[in-house]
$ cat target_0.csv   # CSV, N, CA and C atoms
chain,number,residue,atom,x,y,z
A,1,LYS,N,0.8,-1.2,0.0
A,1,LYS,CA,0.0,0.0,0.0
A,1,LYS,C,0.9,1.3,0.0
A,2,ASP,N,1.9,1.3,0.9
A,2,ASP,CA,2.8,2.5,0.9
A,2,ASP,C,3.5,2.7,-0.4
A,3,GLU,N,3.9,1.5,-1.0
A,3,GLU,CA,4.6,1.6,-2.3
A,3,GLU,C,3.7,2.2,-3.4
A,4,LEU,N,2.5,1.8,-3.4
A,4,LEU,CA,1.5,2.3,-4.3
A,4,LEU,C,1.3,3.8,-4.1
A,5,CYS,N,1.2,4.2,-2.9
A,5,CYS,CA,1.0,5.7,-2.6
A,5,CYS,C,2.3,6.5,-3.1
A,6,LYS,N,3.4,6.0,-2.8
A,6,LYS,CA,4.7,6.6,-3.3
A,6,LYS,C,4.7,6.7,-4.8
A,7,GLU,N,4.3,5.6,-5.5
A,7,GLU,CA,4.3,5.6,-6.9
A,7,GLU,C,3.4,6.6,-7.5
A,8,PHE,N,2.2,6.7,-6.9
A,8,PHE,CA,1.2,7.6,-7.3
A,8,PHE,C,1.7,9.1,-7.1
A,9,ALA,N,2.3,9.3,-6.0
A,9,ALA,CA,2.8,10.7,-5.7
A,9,ALA,C,3.9,11.1,-6.7
A,10,LEU,N,4.8,10.2,-7.1
A,10,LEU,CA,5.8,10.4,-8.1
A,10,LEU,C,5.2,10.7,-9.4
A,11,LYS,N,4.2,10.0,-9.8
A,11,LYS,CA,3.5,10.2,-11.1
A,11,LYS,C,2.8,11.5,-11.1
A,12,MET,N,2.2,11.9,-10.1
A,12,MET,CA,1.5,13.2,-10.0
A,12,MET,C,2.5,14.3,-10.0
A,13,GLN,N,3.7,14.2,-9.4
A,13,GLN,CA,4.7,15.2,-9.4
A,13,GLN,C,5.3,15.4,-10.7
A,14,ASN,N,5.4,14.3,-11.5
A,14,ASN,CA,5.9,14.4,-12.9
A,14,ASN,C,5.0,15.1,-13.8
A,15,ASP,N,3.7,14.8,-13.6
A,15,ASP,CA,2.6,15.4,-14.5
A,15,ASP,C,2.2,16.8,-14.1
A,16,PHE,N,2.3,17.1,-12.8
A,16,PHE,CA,1.8,18.4,-12.3
A,16,PHE,C,2.8,19.1,-11.4
A,17,GLU,N,2.8,20.4,-11.3
A,17,GLU,CA,3.7,21.1,-10.5
A,17,GLU,C,3.1,21.0,-9.0
A,18,MET,N,3.7,20.2,-8.2
A,18,MET,CA,3.3,19.9,-6.9
A,18,MET,C,4.4,19.4,-6.0
A,19,SER,N,4.2,19.4,-4.7
A,19,SER,CA,5.2,18.8,-3.8
A,19,SER,C,4.4,18.1,-2.7
A,20,MET,N,5.1,17.2,-2.1
A,20,MET,CA,4.5,16.4,-1.0
A,20,MET,C,5.0,17.0,0.3
A,21,ILE,N,4.1,17.6,1.1
A,21,ILE,CA,4.6,18.3,2.3
A,21,ILE,C,3.9,17.7,3.5
A,22,GLY,N,3.3,16.5,3.4
A,22,GLY,CA,2.7,15.9,4.5
A,22,GLY,C,1.2,15.7,4.3
A,23,GLU,N,0.6,15.3,5.4
A,23,GLU,CA,-0.8,15.0,5.4
A,23,GLU,C,-1.6,16.3,5.2
A,24,LEU,N,-2.6,16.3,4.3
A,24,LEU,CA,-3.5,17.4,4.0
A,24,LEU,C,-4.3,17.7,5.2
A,25,SER,N,-4.4,19.0,5.7
A,25,SER,CA,-5.2,19.4,6.8
A,25,SER,C,-6.1,20.6,6.5
A,26,TYR,N,-5.7,21.4,5.6
A,26,TYR,CA,-6.5,22.6,5.2
A,26,TYR,C,-6.3,22.9,3.7
A,27,PHE,N,-7.3,23.0,3.0
A,27,PHE,CA,-7.2,23.3,1.5
A,27,PHE,C,-8.4,24.0,1.0
A,28,LEU,N,-8.2,25.2,0.4
A,28,LEU,CA,-9.3,26.0,-0.2
A,28,LEU,C,-10.4,26.3,0.8
A,29,GLY,N,-10.1,26.6,2.0
A,29,GLY,CA,-11.1,26.9,3.0
A,29,GLY,C,-11.8,25.6,3.7
A,30,LEU,N,-11.3,24.5,3.3
A,30,LEU,CA,-11.9,23.2,3.8
A,30,LEU,C,-10.9,22.6,4.8
A,31,GLN,N,-11.4,22.3,6.0
A,31,GLN,CA,-10.5,21.5,7.0
A,31,GLN,C,-10.7,20.0,6.7
A,32,VAL,N,-9.6,19.3,6.6
A,32,VAL,CA,-9.6,17.9,6.2
A,32,VAL,C,-9.0,17.1,7.4
A,33,ASN,N,-9.8,16.2,7.9
A,33,ASN,CA,-9.3,15.3,9.0
A,33,ASN,C,-9.3,13.9,8.4
A,34,GLN,N,-8.1,13.3,8.4
A,34,GLN,CA,-8.0,12.0,7.9
A,34,GLN,C,-7.8,11.0,9.0
A,35,LEU,N,-8.9,10.2,9.2
A,35,LEU,CA,-8.9,9.2,10.3
A,35,LEU,C,-9.0,7.8,9.7
A,36,GLU,N,-8.9,6.8,10.6
A,36,GLU,CA,-9.0,5.4,10.1
A,36,GLU,C,-10.4,5.1,9.6
A,37,LYS,N,-11.5,5.8,10.1
A,37,LYS,CA,-12.8,5.5,9.7
A,37,LYS,C,-13.2,6.3,8.4
A,38,GLY,N,-12.3,7.2,8.0
A,38,GLY,CA,-12.6,7.9,6.7
A,38,GLY,C,-12.0,9.3,6.8
A,39,ILE,N,-12.3,10.1,5.7
A,39,ILE,CA,-11.8,11.4,5.6
A,39,ILE,C,-13.0,12.3,5.9
A,40,PHE,N,-12.9,13.3,6.8
A,40,PHE,CA,-13.9,14.2,7.2
A,40,PHE,C,-13.6,15.6,6.8
A,41,ILE,N,-14.5,16.3,6.2
A,41,ILE,CA,-14.3,17.7,5.7
A,41,ILE,C,-15.3,18.6,6.4
A,42,SER,N,-14.7,19.7,6.9
A,42,SER,CA,-15.6,20.7,7.5
A,42,SER,C,-15.1,22.1,7.1
A,43,GLN,N,-16.0,23.1,7.4
A,43,GLN,CA,-15.6,24.5,7.1
A,43,GLN,C,-15.7,25.4,8.3
A,44,THR,N,-15.4,24.8,9.5
A,44,THR,CA,-15.5,25.5,10.7
A,44,THR,C,-14.6,26.7,10.7
A,45,LYS,N,-13.3,26.5,10.3
A,45,LYS,CA,-12.4,27.6,10.4
A,45,LYS,C,-12.8,28.7,9.4
A,46,TYR,N,-13.3,28.4,8.2
A,46,TYR,CA,-13.7,29.4,7.2
A,46,TYR,C,-14.9,30.2,7.8
A,47,VAL,N,-15.8,29.5,8.4
A,47,VAL,CA,-17.0,30.2,9.0
A,47,VAL,C,-16.6,31.2,10.1
A,48,LYS,N,-15.6,30.8,10.9
A,48,LYS,CA,-15.1,31.7,12.0
A,48,LYS,C,-14.4,32.9,11.4
A,49,GLU,N,-13.7,32.7,10.3
A,49,GLU,CA,-13.0,33.8,9.6
A,49,GLU,C,-14.0,34.7,9.0
A,50,VAL,N,-15.1,34.2,8.4
A,50,VAL,CA,-16.1,35.1,7.8
A,50,VAL,C,-16.8,35.9,8.9
A,51,LEU,N,-17.2,35.2,10.0
A,51,LEU,CA,-17.8,35.9,11.1
A,51,LEU,C,-16.9,37.0,11.7
A,52,LYS,N,-15.7,36.8,11.8
A,52,LYS,CA,-14.7,37.8,12.2
A,52,LYS,C,-14.6,38.9,11.2
A,53,LYS,N,-14.5,38.6,10.0
A,53,LYS,CA,-14.4,39.6,8.9
A,53,LYS,C,-15.6,40.6,9.0
A,54,PHE,N,-16.8,40.1,9.2
A,54,PHE,CA,-17.9,41.0,9.2
A,54,PHE,C,-18.4,41.4,10.6
A,55,MET,N,-17.5,41.2,11.6
A,55,MET,CA,-17.7,41.6,13.0
A,55,MET,C,-19.0,41.0,13.6
A,56,MET,N,-19.2,39.7,13.3
A,56,MET,CA,-20.4,39.0,13.8
A,56,MET,C,-20.0,37.8,14.7
A,57,GLU,N,-18.8,37.8,15.3
A,57,GLU,CA,-18.4,36.7,16.1
A,57,GLU,C,-19.3,36.5,17.3
A,58,ASP,N,-19.8,37.5,17.9
A,58,ASP,CA,-20.6,37.4,19.1
A,58,ASP,C,-22.1,37.3,18.8
A,59,SER,N,-22.5,37.2,17.5
A,59,SER,CA,-23.9,37.1,17.1
A,59,SER,C,-24.4,35.7,17.6
A,60,LYS,N,-25.7,35.7,17.9
A,60,LYS,CA,-26.4,34.5,18.3
A,60,LYS,C,-27.1,33.9,17.1
A,61,PRO,N,-27.1,32.6,17.0
A,61,PRO,CA,-27.8,31.9,15.9
A,61,PRO,C,-29.4,32.0,16.1
A,62,ILE,N,-30.1,32.2,15.1
A,62,ILE,CA,-31.6,32.2,15.2
A,62,ILE,C,-32.1,31.5,14.0
A,63,SER,N,-33.3,31.0,14.1
A,63,SER,CA,-33.9,30.2,12.9
A,63,SER,C,-34.4,31.2,11.8
A,64,THR,N,-34.9,32.4,12.2
A,64,THR,CA,-35.3,33.3,11.2
A,64,THR,C,-34.5,34.6,11.3
A,65,PRO,N,-33.6,34.9,10.3
A,65,PRO,CA,-32.7,36.0,10.4
A,65,PRO,C,-33.3,37.3,10.2
A,66,MET,N,-34.6,37.5,10.5
A,66,MET,CA,-35.2,38.8,10.3
A,66,MET,C,-36.3,38.9,11.3
A,67,SER,N,-36.6,40.1,11.7
A,67,SER,CA,-37.7,40.4,12.7
A,67,SER,C,-39.0,39.9,12.1
A,68,ILE,N,-39.7,39.2,12.9
A,68,ILE,CA,-41.1,38.7,12.4
A,68,ILE,C,-42.1,39.8,12.6
A,69,GLY,N,-42.9,40.0,11.6
A,69,GLY,CA,-43.9,41.1,11.7
A,69,GLY,C,-43.4,42.4,11.3
A,70,CYS,N,-42.2,42.5,10.8
A,70,CYS,CA,-41.6,43.8,10.4
A,70,CYS,C,-42.2,44.2,9.1
A,71,LYS,N,-42.6,45.5,9.0
A,71,LYS,CA,-43.2,46.0,7.7
A,71,LYS,C,-42.1,46.7,6.9
A,72,LEU,N,-41.9,46.3,5.7
A,72,LEU,CA,-40.8,46.9,4.9
A,72,LEU,C,-41.4,47.9,3.9
A,73,SER,N,-40.7,49.0,3.7
A,73,SER,CA,-41.1,50.1,2.9
A,73,SER,C,-39.9,50.7,2.3
A,74,LYS,N,-40.0,51.1,1.0
A,74,LYS,CA,-38.8,51.7,0.4
A,74,LYS,C,-38.8,53.2,0.7
A,75,ASN,N,-39.8,53.7,1.4
A,75,ASN,CA,-39.9,55.1,1.7
A,75,ASN,C,-39.5,55.4,3.2
A,76,ASP,N,-39.0,54.5,3.9
A,76,ASP,CA,-38.7,54.7,5.3
A,76,ASP,C,-37.3,55.5,5.4
A,77,GLU,N,-37.0,55.8,6.6
A,77,GLU,CA,-35.8,56.7,6.9
A,77,GLU,C,-34.6,55.9,7.3
A,78,THR,N,-34.6,54.6,7.2
A,78,THR,CA,-33.4,53.8,7.6
A,78,THR,C,-32.2,54.1,6.7
A,79,PRO,N,-31.0,54.0,7.3
A,79,PRO,CA,-29.8,54.3,6.4
A,79,PRO,C,-29.6,53.2,5.4
A,80,LEU,N,-29.0,53.6,4.2
A,80,LEU,CA,-28.8,52.7,3.1
A,80,LEU,C,-27.8,51.6,3.5
A,81,VAL,N,-27.9,50.5,2.9
A,81,VAL,CA,-27.0,49.3,3.1
A,81,VAL,C,-25.8,49.6,2.3
A,82,ASP,N,-24.6,49.2,2.8
A,82,ASP,CA,-23.3,49.3,2.1
A,82,ASP,C,-23.3,48.2,1.1
A,83,GLU,N,-23.6,48.5,-0.2
A,83,GLU,CA,-23.7,47.4,-1.2
A,83,GLU,C,-22.4,46.6,-1.4
A,84,SER,N,-21.3,47.2,-1.2
A,84,SER,CA,-20.0,46.5,-1.4
A,84,SER,C,-19.9,45.4,-0.3
A,85,MET,N,-20.2,45.8,1.0
A,85,MET,CA,-20.1,44.8,2.1
A,85,MET,C,-21.2,43.7,1.9
A,86,TYR,N,-22.4,44.1,1.5
A,86,TYR,CA,-23.4,43.1,1.3
A,86,TYR,C,-23.0,42.1,0.2
A,87,ARG,N,-22.4,42.5,-0.9
A,87,ARG,CA,-22.0,41.6,-1.9
A,87,ARG,C,-20.9,40.7,-1.4
A,88,SER,N,-20.0,41.3,-0.6
A,88,SER,CA,-18.9,40.5,0.0
A,88,SER,C,-19.4,39.4,0.9
A,89,MET,N,-20.4,39.8,1.7
A,89,MET,CA,-21.1,38.8,2.6
A,89,MET,C,-21.7,37.7,1.8
A,90,ILE,N,-22.5,38.0,0.8
A,90,ILE,CA,-23.2,37.0,0.0
A,90,ILE,C,-22.1,36.1,-0.7
A,91,GLY,N,-21.1,36.7,-1.2
A,91,GLY,CA,-20.0,35.9,-1.9
A,91,GLY,C,-19.4,35.0,-0.9
A,92,SER,N,-19.2,35.4,0.3
A,92,SER,CA,-18.6,34.5,1.4
A,92,SER,C,-19.6,33.3,1.7
A,93,LEU,N,-20.9,33.7,1.7
A,93,LEU,CA,-21.9,32.6,2.0
A,93,LEU,C,-22.0,31.6,0.9
A,94,LEU,N,-21.8,32.1,-0.4
A,94,LEU,CA,-21.9,31.2,-1.5
A,94,LEU,C,-20.8,30.1,-1.5
A,95,TYR,N,-19.7,30.4,-0.9
A,95,TYR,CA,-18.6,29.5,-0.8
A,95,TYR,C,-18.9,28.3,0.1
A,96,LEU,N,-19.8,28.5,1.1
A,96,LEU,CA,-20.1,27.4,2.0
A,96,LEU,C,-20.8,26.3,1.3
A,97,THR,N,-20.5,25.1,1.7
A,97,THR,CA,-21.1,23.9,1.1
A,97,THR,C,-22.0,23.2,2.1
$ encode --input "target_0.csv" --output "structure tokens"
Amino acid sequence: KDELCKEFALKMQNDFEMSMIGELSYFLGLQVNQLEKGIFISQTKYVKEVLKKFMMEDSKPISTPMSIGCKLSKNDETPLVDESMYRSMIGSLLYLT
């Protein structure tokens, strides 16, 4: 089994620009845990980074992310939303799987 893994790694290194630096633990925002029972992937670290980026680390989870019974109107006096930040937030959420 080890010989097969080494052979595969050499083949990949010859065909692609890559290096073997040990067991994979974090890749493209995904945490990878390799255990005997299988490989487990999570995005806990990425979610914490997103919450920190948007200053929402201390926010509490709720089932409905909006006030219930709130009336919306485009003629109210509330401040405008920062469109750039909104797009950045949505882009960050789209990356979650």
$ residues_around --input "target_0.csv" --residues "Gln43 in chain A" --least-positions-apart "6" --cutoff "7 Å" --atoms "only N, CA and C atoms" --output "list in words"
Gly29, Leu30 and Gln31 of chain A
$ write_last_selection --input "target_0.csv" --atoms "N, CA and C atoms" --output "PDB file, in the frame of the given file"
ATOM      1  N   GLY A  29     -10.100  26.600   2.000  1.00  0.00           N
ATOM      2  CA  GLY A  29     -11.100  26.900   3.000  1.00  0.00           C
ATOM      3  C   GLY A  29     -11.800  25.600   3.700  1.00  0.00           C
ATOM      4  N   LEU A  30     -11.300  24.500   3.300  1.00  0.00           N
ATOM      5  CA  LEU A  30     -11.900  23.200   3.800  1.00  0.00           C
ATOM      6  C   LEU A  30     -10.900  22.600   4.800  1.00  0.00           C
ATOM      7  N   GLN A  31     -11.400  22.300   6.000  1.00  0.00           N
ATOM      8  CA  GLN A  31     -10.500  21.500   7.000  1.00  0.00           C
ATOM      9  C   GLN A  31     -10.700  20.000   6.700  1.00  0.00           C
TER      10      GLN A  31
END
$ atom_distance --input "target_0.csv" --atom1 "CA of Pro79 in chain A" --atom2 "CA of Thr64 in chain A"
22.2 Å
$ atom_distance --input "target_0.csv" --atom1 "CA of Ser84 in chain A" --atom2 "CA of Leu28 in chain A"
23.2 Å
$ select_by_dssp --input "target_0.csv" --residues "chain A" --states "alpha helix (DSSP H)" --output "PyMOL selection string"
chain A and resi 2-15+44-53+83-94
$ write_last_selection --input "target_0.csv" --atoms "N, CA and C atoms" --output "mmCIF file, in the coordinates of the input"
data_model
loop_
_atom_site.group_PDB
_atom_site.id
_atom_site.type_symbol
_atom_site.label_atom_id
_atom_site.label_comp_id
_atom_site.auth_asym_id
_atom_site.auth_seq_id
_atom_site.Cartn_x
_atom_site.Cartn_y
_atom_site.Cartn_z
ATOM 1 N N ASP A 2 1.900 1.300 0.900
ATOM 2 C CA ASP A 2 2.800 2.500 0.900
ATOM 3 C C ASP A 2 3.500 2.700 -0.400
ATOM 4 N N GLU A 3 3.900 1.500 -1.000
ATOM 5 C CA GLU A 3 4.600 1.600 -2.300
ATOM 6 C C GLU A 3 3.700 2.200 -3.400
ATOM 7 N N LEU A 4 2.500 1.800 -3.400
ATOM 8 C CA LEU A 4 1.500 2.300 -4.300
ATOM 9 C C LEU A 4 1.300 3.800 -4.100
ATOM 10 N N CYS A 5 1.200 4.200 -2.900
ATOM 11 C CA CYS A 5 1.000 5.700 -2.600
ATOM 12 C C CYS A 5 2.300 6.500 -3.100
ATOM 13 N N LYS A 6 3.400 6.000 -2.800
ATOM 14 C CA LYS A 6 4.700 6.600 -3.300
ATOM 15 C C LYS A 6 4.700 6.700 -4.800
ATOM 16 N N GLU A 7 4.300 5.600 -5.500
ATOM 17 C CA GLU A 7 4.300 5.600 -6.900
ATOM 18 C C GLU A 7 3.400 6.600 -7.500
ATOM 19 N N PHE A 8 2.200 6.700 -6.900
ATOM 20 C CA PHE A 8 1.200 7.600 -7.300
ATOM 21 C C PHE A 8 1.700 9.100 -7.100
ATOM 22 N N ALA A 9 2.300 9.300 -6.000
ATOM 23 C CA ALA A 9 2.800 10.700 -5.700
ATOM 24 C C ALA A 9 3.900 11.100 -6.700
ATOM 25 N N LEU A 10 4.800 10.200 -7.100
ATOM 26 C CA LEU A 10 5.800 10.400 -8.100
ATOM 27 C C LEU A 10 5.200 10.700 -9.400
ATOM 28 N N LYS A 11 4.200 10.000 -9.800
ATOM 29 C CA LYS A 11 3.500 10.200 -11.100
ATOM 30 C C LYS A 11 2.800 11.500 -11.100
ATOM 31 N N MET A 12 2.200 11.900 -10.100
ATOM 32 C CA MET A 12 1.500 13.200 -10.000
ATOM 33 C C MET A 12 2.500 14.300 -10.000
ATOM 34 N N GLN A 13 3.700 14.200 -9.400
ATOM 35 C CA GLN A 13 4.700 15.200 -9.400
ATOM 36 C C GLN A 13 5.300 15.400 -10.700
ATOM 37 N N ASN A 14 5.400 14.300 -11.500
ATOM 38 C CA ASN A 14 5.900 14.400 -12.900
ATOM 39 C C ASN A 14 5.000 15.100 -13.800
ATOM 40 N N ASP A 15 3.700 14.800 -13.600
ATOM 41 C CA ASP A 15 2.600 15.400 -14.500
ATOM 42 C C ASP A 15 2.200 16.800 -14.100
ATOM 43 N N THR A 44 -15.400 24.800 9.500
ATOM 44 C CA THR A 44 -15.500 25.500 10.700
ATOM 45 C C THR A 44 -14.600 26.700 10.700
ATOM 46 N N LYS A 45 -13.300 26.500 10.300
ATOM 47 C CA LYS A 45 -12.400 27.600 10.400
ATOM 48 C C LYS A 45 -12.800 28.700 9.400
ATOM 49 N N TYR A 46 -13.300 28.400 8.200
ATOM 50 C CA TYR A 46 -13.700 29.400 7.200
ATOM 51 C C TYR A 46 -14.900 30.200 7.800
ATOM 52 N N VAL A 47 -15.800 29.500 8.400
ATOM 53 C CA VAL A 47 -17.000 30.200 9.000
ATOM 54 C C VAL A 47 -16.600 31.200 10.100
ATOM 55 N N LYS A 48 -15.600 30.800 10.900
ATOM 56 C CA LYS A 48 -15.100 31.700 12.000
ATOM 57 C C LYS A 48 -14.400 32.900 11.400
ATOM 58 N N GLU A 49 -13.700 32.700 10.300
ATOM 59 C CA GLU A 49 -13.000 33.800 9.600
ATOM 60 C C GLU A 49 -14.000 34.700 9.000
ATOM 61 N N VAL A 50 -15.100 34.200 8.400
ATOM 62 C CA VAL A 50 -16.100 35.100 7.800
ATOM 63 C C VAL A 50 -16.800 35.900 8.900
ATOM 64 N N LEU A 51 -17.200 35.200 10.000
ATOM 65 C CA LEU A 51 -17.800 35.900 11.100
ATOM 66 C C LEU A 51 -16.900 37.000 11.700
ATOM 67 N N LYS A 52 -15.700 36.800 11.800
ATOM 68 C CA LYS A 52 -14.700 37.800 12.200
ATOM 69 C C LYS A 52 -14.600 38.900 11.200
ATOM 70 N N LYS A 53 -14.500 38.600 10.000
ATOM 71 C CA LYS A 53 -14.400 39.600 8.900
ATOM 72 C C LYS A 53 -15.600 40.600 9.000
ATOM 73 N N GLU A 83 -23.600 48.500 -0.200
ATOM 74 C CA GLU A 83 -23.700 47.400 -1.200
ATOM 75 C C GLU A 83 -22.400 46.600 -1.400
ATOM 76 N N SER A 84 -21.300 47.200 -1.200
ATOM 77 C CA SER A 84 -20.000 46.500 -1.400
ATOM 78 C C SER A 84 -19.900 45.400 -0.300
ATOM 79 N N MET A 85 -20.200 45.800 1.000
ATOM 80 C CA MET A 85 -20.100 44.800 2.100
ATOM 81 C C MET A 85 -21.200 43.700 1.900
ATOM 82 N N TYR A 86 -22.400 44.100 1.500
ATOM 83 C CA TYR A 86 -23.400 43.100 1.300
ATOM 84 C C TYR A 86 -23.000 42.100 0.200
ATOM 85 N N ARG A 87 -22.400 42.500 -0.900
ATOM 86 C CA ARG A 87 -22.000 41.600 -1.900
ATOM 87 C C ARG A 87 -20.900 40.700 -1.400
ATOM 88 N N SER A 88 -20.000 41.300 -0.600
ATOM 89 C CA SER A 88 -18.900 40.500 0.000
ATOM 90 C C SER A 88 -19.400 39.400 0.900
ATOM 91 N N MET A 89 -20.400 39.800 1.700
ATOM 92 C CA MET A 89 -21.100 38.800 2.600
ATOM 93 C C MET A 89 -21.700 37.700 1.800
ATOM 94 N N ILE A 90 -22.500 38.000 0.800
ATOM 95 C CA ILE A 90 -23.200 37.000 0.000
ATOM 96 C C ILE A 90 -22.100 36.100 -0.700
ATOM 97 N N GLY A 91 -21.100 36.700 -1.200
ATOM 98 C CA GLY A 91 -20.000 35.900 -1.900
ATOM 99 C C GLY A 91 -19.400 35.000 -0.900
ATOM 100 N N SER A 92 -19.200 35.400 0.300
ATOM 101 C CA SER A 92 -18.600 34.500 1.400
ATOM 102 C C SER A 92 -19.600 33.300 1.700
ATOM 103 N N LEU A 93 -20.900 33.700 1.700
ATOM 104 C CA LEU A 93 -21.900 32.600 2.000
ATOM 105 C C LEU A 93 -22.000 31.600 0.900
ATOM 106 N N LEU A 94 -21.800 32.100 -0.400
ATOM 107 C CA LEU A 94 -21.900 31.200 -1.500
ATOM 108 C C LEU A 94 -20.800 30.100 -1.500
#
$ closest_residue --input "target_0.csv" --among "A:Phe16, A:Phe54, A:Val47, A:Ala9" --to "Ser88 in chain A" --atoms "only C-alpha atoms"
A:Phe54
$ decode --input "target_0.csv" --residues "range 33-93 of chain A" --atoms "C-alpha atoms" --output "short mmCIF file (atom, residue, chain, number, x, y, z; two decimals), in the first residue's frame"
data_model
loop_
_atom_site.label_atom_id
_atom_site.label_comp_id
_atom_site.auth_asym_id
_atom_site.auth_seq_id
_atom_site.Cartn_x
_atom_site.Cartn_y
_atom_site.Cartn_z
CA ASN A 33 -9.34 15.31 8.99
CA GLN A 34 -7.98 11.96 7.86
CA LEU A 35 -8.91 9.20 10.28
CA GLU A 36 -9.04 5.40 10.11
CA LYS A 37 -12.83 5.54 9.71
CA GLY A 38 -12.60 7.92 6.75
CA ILE A 39 -11.83 11.43 5.60
CA PHE A 40 -13.94 14.18 7.16
CA ILE A 41 -14.29 17.67 5.70
CA SER A 42 -15.62 20.74 7.48
CA GLN A 43 -15.60 24.52 7.06
CA THR A 44 -15.52 25.53 10.72
CA LYS A 45 -12.35 27.62 10.35
CA TYR A 46 -13.70 29.37 7.23
CA VAL A 47 -17.00 30.20 8.97
CA LYS A 48 -15.14 31.65 11.96
CA GLU A 49 -13.02 33.78 9.60
CA VAL A 50 -16.14 35.07 7.81
CA LEU A 51 -17.84 35.92 11.11
CA LYS A 52 -14.71 37.79 12.24
CA LYS A 53 -14.40 39.63 8.91
CA PHE A 54 -17.95 40.99 9.23
CA MET A 55 -17.70 41.59 13.01
CA MET A 56 -20.36 38.99 13.79
CA GLU A 57 -18.36 36.69 16.10
CA ASP A 58 -20.63 37.40 19.08
CA SER A 59 -23.88 37.06 17.11
CA LYS A 60 -26.36 34.47 18.31
CA PRO A 61 -27.85 31.95 15.87
CA ILE A 62 -31.58 32.22 15.18
CA SER A 63 -33.92 30.24 12.95
CA THR A 64 -35.34 33.34 11.19
CA PRO A 65 -32.68 35.97 10.42
CA MET A 66 -35.22 38.81 10.29
CA SER A 67 -37.67 40.37 12.68
CA ILE A 68 -41.06 38.68 12.42
CA GLY A 69 -43.94 41.05 11.66
CA CYS A 70 -41.65 43.83 10.43
CA LYS A 71 -43.18 45.99 7.69
CA LEU A 72 -40.84 46.89 4.86
CA SER A 73 -41.12 50.09 2.86
CA LYS A 74 -38.81 51.74 0.38
CA ASN A 75 -39.88 55.15 1.71
CA ASP A 76 -38.66 54.72 5.30
CA GLU A 77 -35.81 56.70 6.90
CA THR A 78 -33.42 53.83 7.61
CA PRO A 79 -29.81 54.26 6.44
CA LEU A 80 -28.84 52.66 3.13
CA VAL A 81 -27.02 49.34 3.10
CA ASP A 82 -23.35 49.30 2.09
CA GLU A 83 -23.69 47.45 -1.24
CA SER A 84 -20.03 46.46 -1.37
CA MET A 85 -20.14 44.85 2.07
CA TYR A 86 -23.45 43.14 1.25
CA ARG A 87 -21.98 41.62 -1.92
CA SER A 88 -18.90 40.51 -0.04
CA MET A 89 -21.07 38.82 2.62
CA ILE A 90 -23.17 37.02 0.02
CA GLY A 91 -20.04 35.93 -1.86
CA SER A 92 -18.63 34.49 1.37
CA LEU A 93 -21.87 32.60 2.02
#
